Amino acid sequence: MSKEATPGDAEPIDVMDPKTTQYELVKEALRRDGIEILHYEPRYEPGSKEEKRVERTIAFFFALTGLGALGFIVTYIWWPYEYEFGGADVMSKWYTPMLGLCLGVALAGLGLGVLTWAKKLLPKEEMIQERHDGASEPEDRKLAGAVLAGVGGDIGIHRRPLLKRALLFGAAPLGLAALMPIGGLIKDPKNDLFETGFNKKFNNGKPVRLMREDGTLVRPEDVSVGGQITVFPAIPGGASLKHADSPTLLIHLREADAEEARKNAYVMNQGSQWQNFIAYSKICTHVGCPASLYEQQTNRLLCPCHQSQFHITDNAKPIFGPATRSLPQLPLDVDEEGYLYATEDYKVAIGPAFWEREKK
Amino acid sequence: MKRRKLDVKQLPAKAAGELDDRFQLASPVRKLLTKVFPDHWSFLLGEIALFSFIVLLLTGTFLALFFDPSMTEVHYDGSYAPLKGIEMSKAYESSLSLSFDVRGGLILRQMHHWAALLFMAAIVVHMGRTFFTGAFRKPRETNWIIGVLLFWLGFGEGFIGYSLPDDALSGTGLRIASGITESVPLIGSWASFALFGGEFPGDSVIPMFYILHVFLLPGILLSLIGVHVGLVFMQKHTQWPGPHRTEHNVVGFRMFPNYVSKQGGFFMLVFAVIALMGGLFQINPVWMFGPYKAEVVSAGSQPDWYVMFLDGLVRLFPAWEIREFGFTIPAVFWPGVVGMGIFTMLPLLYPFIERRLTKDKGHHNLLQRPRDMPARTGVGVMSLAFFVICTLSGANDIIADKFSISLNAMTWAGRIGLLVIPPLAYLATYRICLGLQQHDREVLAHGVETGIIKRDAEGRFYEVHQPLAEPDEHGHTHLEYNGWTVPKKMNRLGALAPTLKGFFKPIEKPAEKPAVEPGEDREEITAGKN
């Protein structure tokens with residue numbers, strides 16, 4: 001290693017002496033801050049051609065800043081900004097890019113100007129400053145420790161076991177009490193995670209019909225063979241976010257597929273199909289995205305969020321990806337008016353799993 | 001009455017005098033002005049994060065003037081025709097109005113989003129620099145811990161931020177967040193109900209996120225950033241080894257004028273880049289996604305890049321659900337909660353783990369070259385490999401689509417890759433580090449390869465080396481490696497004149513001739529050619 005910086009070597013000077021030059025004073029200031037000048041020289045001869053050239057470059061950058069900022073102001077005020085339908089020939093489409101361009105040029109000009117100034121006009125300097133890091137002096141440590149111990153002794157908590165216990169008894173509940181207001185956020189999930197909008201309680205105890213997003217009821221003949229639509233409980237707000245757990249995929253299976261689905265049905269799902277119609281919860285059992293990409297050819301349903309795949313003709317059980325549980329099936333029937341309805345709510349909790357999911 | 005003459009030239013000195021009379025500033029100000037900072041480009045990576053954060057505060061304040069964090073349903077009646085009459089939350093409506101009806105709203109929204117992406121990117125790269133150079137070692141472990149916390153705070157702040165517009169994409173993200181929250185054993189459903197004020201989506205999550213996003217988290221971020229920068233200032237920055245540089249000094253330039261003007265200029269450049277991106281590159285076009293609906297999702301739903309590793313891990317994790325005694329631990333609990341816990345705790349504890357293993361309890365101010373710590377560098381590259389595979393898997397549907405690969409194959413590639421590639425990356429990195437170390441020692445012992453091939457009398461070819469010091473009788477130089485760059489090219493030794501500086505025209509006179517005269521060897525070759 002090379003030799004250490006030794007700013008202490010320099011002789012202190014008489015600062016108040018009127019004859020000392022500014023440079024000597026700066027050097028003295030640096031010395032007092034533990035700094036040694038290793039290297040300090042101007043980049044260019046003052047007034048030289050090279051220096052003038054750099055000055056012109058910097059001036060150019062600052063001028064760019066002014067122009068950019070003016071451009072920003074002019075664009076902001078006078079350029080049409082209101083949304084119009086159309087393509088690149090509509091002036092207002094260029095409002096945001098113009099603002100960005102002007103602001104970018106203005107800021108970049110300022111940045112480059114300042115940086116050029118710093119790199120080209122400031123004298124080249126290299127200095128060594130001592131670090132005074134690491135632990136404090138042993139003496140200081142000892143003094144601080146004694147003071148701290150003195151404070152502890154004055155308070156004397158270790159000598160006063162009664163007060164220690166009393167304080168603990170007082171402070172611990174107070175700490176807990178401070179946490180209480182968060183309790184306002186706590187809500188009992190009750191049965192909410194087990195119920196959807198197809199629960200009869202939302203329809204005065206009567207079974208809930210299926211409806212489309214626009215509120216129209218669904219007849220079997222509305223869905224072509226091999227087709228599928230998203231349905232909701234036909235109750236007030238059934239398609240709204242109040243019942244975000246209710247979107248259901250209604251699929252009209254082909255004859256052979258329907259037969260297979262019936263054959264495969266779990267005990268729980270038996271009789272849930274109505275003829276060739278089958279309905280599954282659309283909420284993925286992984287983390288709750290809508291599993292909505294239906295591949296007719298393979299009878300698979302894919303969730304686009306994490307790529308879980310469900311087998312439609314086999315209880316919508318997961319066959320690939322991170323999902324572990326089948327999509328719950330909605331038991332279907334058709335009433336005397338010819339509308340599809342859910343004979344009852346889903347038999348298991350729909351959507352992502354949770355700790356007490358199997359309680360029901 | 002006679003007016004006293006105002007001497008403008010004396011004003012600054014007079015003001016300074018008045019201030020010092022009251023606050024005794026002369027000495028502290030002098031010390032601040034002369035404080036020496038070491039210089040290296042890699043020390044500026046953290047600054048990018050700092051500057052992006054300032055831009056985030058500025059643009060965010062503007063956005064807060066116009067954003068309405070309410071989940072009340074309204075019918076859209078703004079100027080964006082395709083969504084006219086559609087039912088949506090006020091939060092989404094005000095995001096649309098910010099984009100279309102508020103003058104200059106779109107550029108500030110886009111700058112805010114780009115700045116957030118840049119903030120997180122700068123944090124990750126800065127963290128890499130700190131890790132690979134050993135800058136986290138004693139006495140700087142505290143700042144490393146604060147840095148890790150800043151990453152996670154930024155992660156949360158960013159996620160909450162892009163959830164606020166309440167569009168279809170962000171709603172999908174919230175749905176996933178609720179699913180992950182529900183997966184926590186015992187308290188999952190209660191935690192989710194507390195977060196959403198009832199069953200998902202409820203009507204209170206956006207207002208709650210808003211106050212977290214504009215008040216609580218920025219407050220914590222700001223104070224932690226303050227402590228982070230303050231500690232760098234107090235403990236003084238680390239430096240690379242080099243001439244004159246020791247553990248007990250700092251070699252560089254003074255805070256004023258050099259450091260501050262370089263920082264100021266660099267801030268403006270970062271700001272300029274964010275402004276250009278905000279103006280020219282579209283980001284998060286919420287109007288194209290529509291309002292959030294529970295039954296709607298589009299393929300290619302990706303979170304912001306810094307959340308993608310979590311999403312990718314959730315995609316890759318196998319369907320392992322535990323059902324015992326009537327209770328369920330969902331599969332997503334492992335990557336989503338336990339995984340993230342590990343990703344937090346391992347980096348937090350790393351300085352102490354390394355201390356334990358290396359038994360290095362020393363006080364360090366000099367940085368280490370990554371090659372000199374092959375095990376640490378290997379661990380770092382291994383973690384990066386893990387992170388990159390997770391992140392890529394977060395976009396595996398896009399990759400499968402664009403490159404016509406089977407989606408299932410992408411998932412399996414990710415699963416296998418996650419287990420196989422990181423250890424391989426460790427081994428490869430370790431070997432490369434050893435190789436680089438060895439080459440350094442070789443150059444120190446034998447000299448720099450000159451590219452000059454000679455043939456001796458027996459017909460054997462060999463390359464001429466330029467020794468770095470006077471060699472002994474065996475042609476070896478005994479130079480000790482001391483943690484600096486070893487020159488490996490002849491230009492580094494002054495064999496060629498330095499490149500002329502200047503953009504259009506050289507601004508300095510070309511050197512008359514190379515600093516080092518061509519030696520005997522070179523003349524011999526020219527002679528041989530003739």
# chains A, B, ... in the order shown; residues from 1 in each chain; ligands from 1
>>> interface_residues(of="chain A", to="chain B", cutoff="6 Å", atoms="only C-alpha atoms", output="PyMOL selection string")
chain A and resi 2+83+96-97+100-101+104+107-108+111+114-115+118+126-131+185-187+244+247+287+290+304+306+322-324+352-356+358
>>> residues_around(residues="Asn264 (chain A)", least_positions_apart="4", cutoff="9 Å", atoms="only C-alpha atoms", output="list in words")
Glu259, Glu260, Gln270, Thr313, Asp314 and Asn315 of chain A
>>> select_by_dssp(residues="region 113-188 of chain A", states="alpha helix (DSSP H)", output="MDAnalysis selection string")
chainID A and resid 113:116 138:155 161:179
>>> closest_residue(among="A:Glu195, A:Asp222, A:Gly227, A:Arg300", to="Arg357 (chain A)", atoms="only C-alpha atoms")
A:Glu195
>>> atom_distance(atom1="CA of Leu293 (chain A)", atom2="CA of Ser240 (chain A)")
21.0 Å
>>> decode(residues="region 176-296 of chain A", atoms="C-alpha atoms", output="short mmCIF file (atom, residue, chain, number, x, y, z; two decimals), in the first residue's frame")
data_model
loop_
_atom_site.label_atom_id
_atom_site.label_comp_id
_atom_site.auth_asym_id
_atom_site.auth_seq_id
_atom_site.Cartn_x
_atom_site.Cartn_y
_atom_site.Cartn_z
CA LEU A 176 -52.35 -3.54 23.32
CA ALA A 177 -54.91 -0.79 23.71
CA ALA A 178 -53.04 1.24 21.10
CA LEU A 179 -53.56 -1.61 18.64
CA MET A 180 -57.29 -1.79 19.29
CA PRO A 181 -58.43 0.84 16.74
CA ILE A 182 -57.23 -1.51 13.98
CA GLY A 183 -60.01 -3.74 15.23
CA GLY A 184 -62.41 -1.53 13.32
CA LEU A 185 -61.18 -3.24 10.18
CA ILE A 186 -61.92 -6.73 11.40
CA LYS A 187 -65.03 -8.32 10.02
CA ASP A 188 -66.36 -11.77 10.67
CA PRO A 189 -66.32 -13.64 7.34
CA LYS A 190 -69.31 -15.65 8.62
CA ASN A 191 -70.63 -17.69 5.75
CA ASP A 192 -69.82 -15.19 3.00
CA LEU A 193 -67.09 -17.27 1.43
CA PHE A 194 -69.42 -20.27 1.23
CA GLU A 195 -72.34 -18.44 -0.39
CA THR A 196 -72.80 -16.95 -3.82
CA GLY A 197 -75.64 -15.00 -5.38
CA PHE A 198 -77.27 -18.30 -6.30
CA ASN A 199 -78.14 -18.88 -2.66
CA LYS A 200 -81.91 -18.96 -2.21
CA LYS A 201 -81.69 -16.42 0.62
CA PHE A 202 -81.13 -13.69 -1.94
CA ASN A 203 -84.41 -14.57 -3.68
CA ASN A 204 -86.81 -14.88 -0.75
CA GLY A 205 -86.05 -18.57 -0.41
CA LYS A 206 -86.88 -19.38 -4.02
CA PRO A 207 -84.34 -20.89 -6.43
CA VAL A 208 -82.39 -18.29 -8.42
CA ARG A 209 -82.65 -18.12 -12.19
CA LEU A 210 -79.69 -17.51 -14.48
CA MET A 211 -79.33 -14.23 -16.34
CA ARG A 212 -76.93 -12.57 -18.71
CA GLU A 213 -74.91 -9.49 -17.84
CA ASP A 214 -77.65 -7.25 -19.30
CA GLY A 215 -80.25 -8.84 -17.01
CA THR A 216 -82.08 -11.00 -19.58
CA LEU A 217 -83.00 -14.49 -18.44
CA VAL A 218 -81.54 -17.54 -20.14
CA ARG A 219 -83.45 -20.26 -22.00
CA PRO A 220 -81.68 -23.46 -23.04
CA GLU A 221 -82.29 -22.72 -26.72
CA ASP A 222 -80.27 -19.46 -26.38
CA VAL A 223 -76.99 -21.35 -26.24
CA SER A 224 -75.96 -23.24 -29.35
CA VAL A 225 -74.38 -26.68 -29.14
CA GLY A 226 -70.72 -26.39 -28.22
CA GLY A 227 -71.28 -22.80 -27.18
CA GLN A 228 -70.91 -21.14 -23.80
CA ILE A 229 -72.04 -17.95 -22.11
CA THR A 230 -71.29 -16.27 -18.81
CA VAL A 231 -74.31 -16.17 -16.54
CA PHE A 232 -75.14 -14.49 -13.24
CA PRO A 233 -77.76 -14.95 -10.53
CA ALA A 234 -81.00 -13.22 -11.59
CA ILE A 235 -81.24 -11.11 -8.44
CA PRO A 236 -80.81 -7.34 -8.03
CA GLY A 237 -77.13 -6.55 -8.55
CA GLY A 238 -76.48 -10.16 -9.50
CA ALA A 239 -74.04 -9.16 -12.25
CA SER A 240 -72.38 -6.43 -10.19
CA LEU A 241 -69.29 -6.59 -8.03
CA LYS A 242 -71.53 -7.11 -4.99
CA HIS A 243 -71.69 -10.69 -6.14
CA ALA A 244 -68.18 -10.99 -7.55
CA ASP A 245 -68.18 -14.65 -6.49
CA SER A 246 -71.14 -15.57 -8.69
CA PRO A 247 -70.09 -15.40 -12.38
CA THR A 248 -70.73 -18.83 -13.84
CA LEU A 249 -69.90 -20.42 -17.15
CA LEU A 250 -72.88 -22.11 -18.79
CA ILE A 251 -71.82 -24.60 -21.45
CA HIS A 252 -74.00 -26.43 -23.93
CA LEU A 253 -72.07 -29.66 -24.40
CA ARG A 254 -72.22 -31.84 -27.49
CA GLU A 255 -74.18 -35.03 -27.03
CA ALA A 256 -71.14 -37.33 -26.59
CA ASP A 257 -69.39 -34.89 -24.24
CA ALA A 258 -72.51 -34.50 -22.14
CA GLU A 259 -72.76 -38.27 -21.84
CA GLU A 260 -69.13 -38.47 -20.77
CA ALA A 261 -69.56 -35.69 -18.24
CA ARG A 262 -72.58 -37.46 -16.77
CA LYS A 263 -70.66 -40.70 -16.56
CA ASN A 264 -67.66 -39.02 -14.86
CA ALA A 265 -69.68 -36.93 -12.41
CA TYR A 266 -68.63 -37.11 -8.78
CA VAL A 267 -71.33 -38.13 -6.32
CA MET A 268 -71.64 -34.49 -5.34
CA ASN A 269 -72.16 -33.42 -8.95
CA GLN A 270 -74.61 -36.13 -9.98
CA GLY A 271 -77.83 -34.71 -11.31
CA SER A 272 -76.39 -31.22 -11.56
CA GLN A 273 -76.38 -31.27 -15.33
CA TRP A 274 -79.60 -30.37 -17.10
CA GLN A 275 -79.69 -32.43 -20.28
CA ASN A 276 -76.56 -31.35 -22.15
CA PHE A 277 -76.12 -28.15 -20.16
CA ILE A 278 -73.44 -27.90 -17.53
CA ALA A 279 -72.45 -24.89 -15.43
CA TYR A 280 -69.21 -24.29 -13.56
CA SER A 281 -68.11 -21.46 -11.33
CA LYS A 282 -65.98 -19.10 -13.37
CA ILE A 283 -63.80 -18.16 -10.41
CA CYS A 284 -60.57 -20.13 -10.57
CA THR A 285 -59.93 -22.32 -7.54
CA HIS A 286 -56.30 -21.22 -7.53
CA VAL A 287 -56.39 -17.51 -6.67
CA GLY A 288 -59.67 -16.36 -8.14
CA CYS A 289 -59.13 -15.04 -11.67
CA PRO A 290 -61.93 -15.85 -14.08
CA ALA A 291 -61.04 -19.18 -15.70
CA SER A 292 -62.59 -18.12 -18.92
CA LEU A 293 -60.64 -19.36 -21.93
CA TYR A 294 -62.77 -22.22 -23.22
CA GLU A 295 -61.16 -24.54 -25.73
CA GLN A 296 -63.99 -26.29 -27.49
#
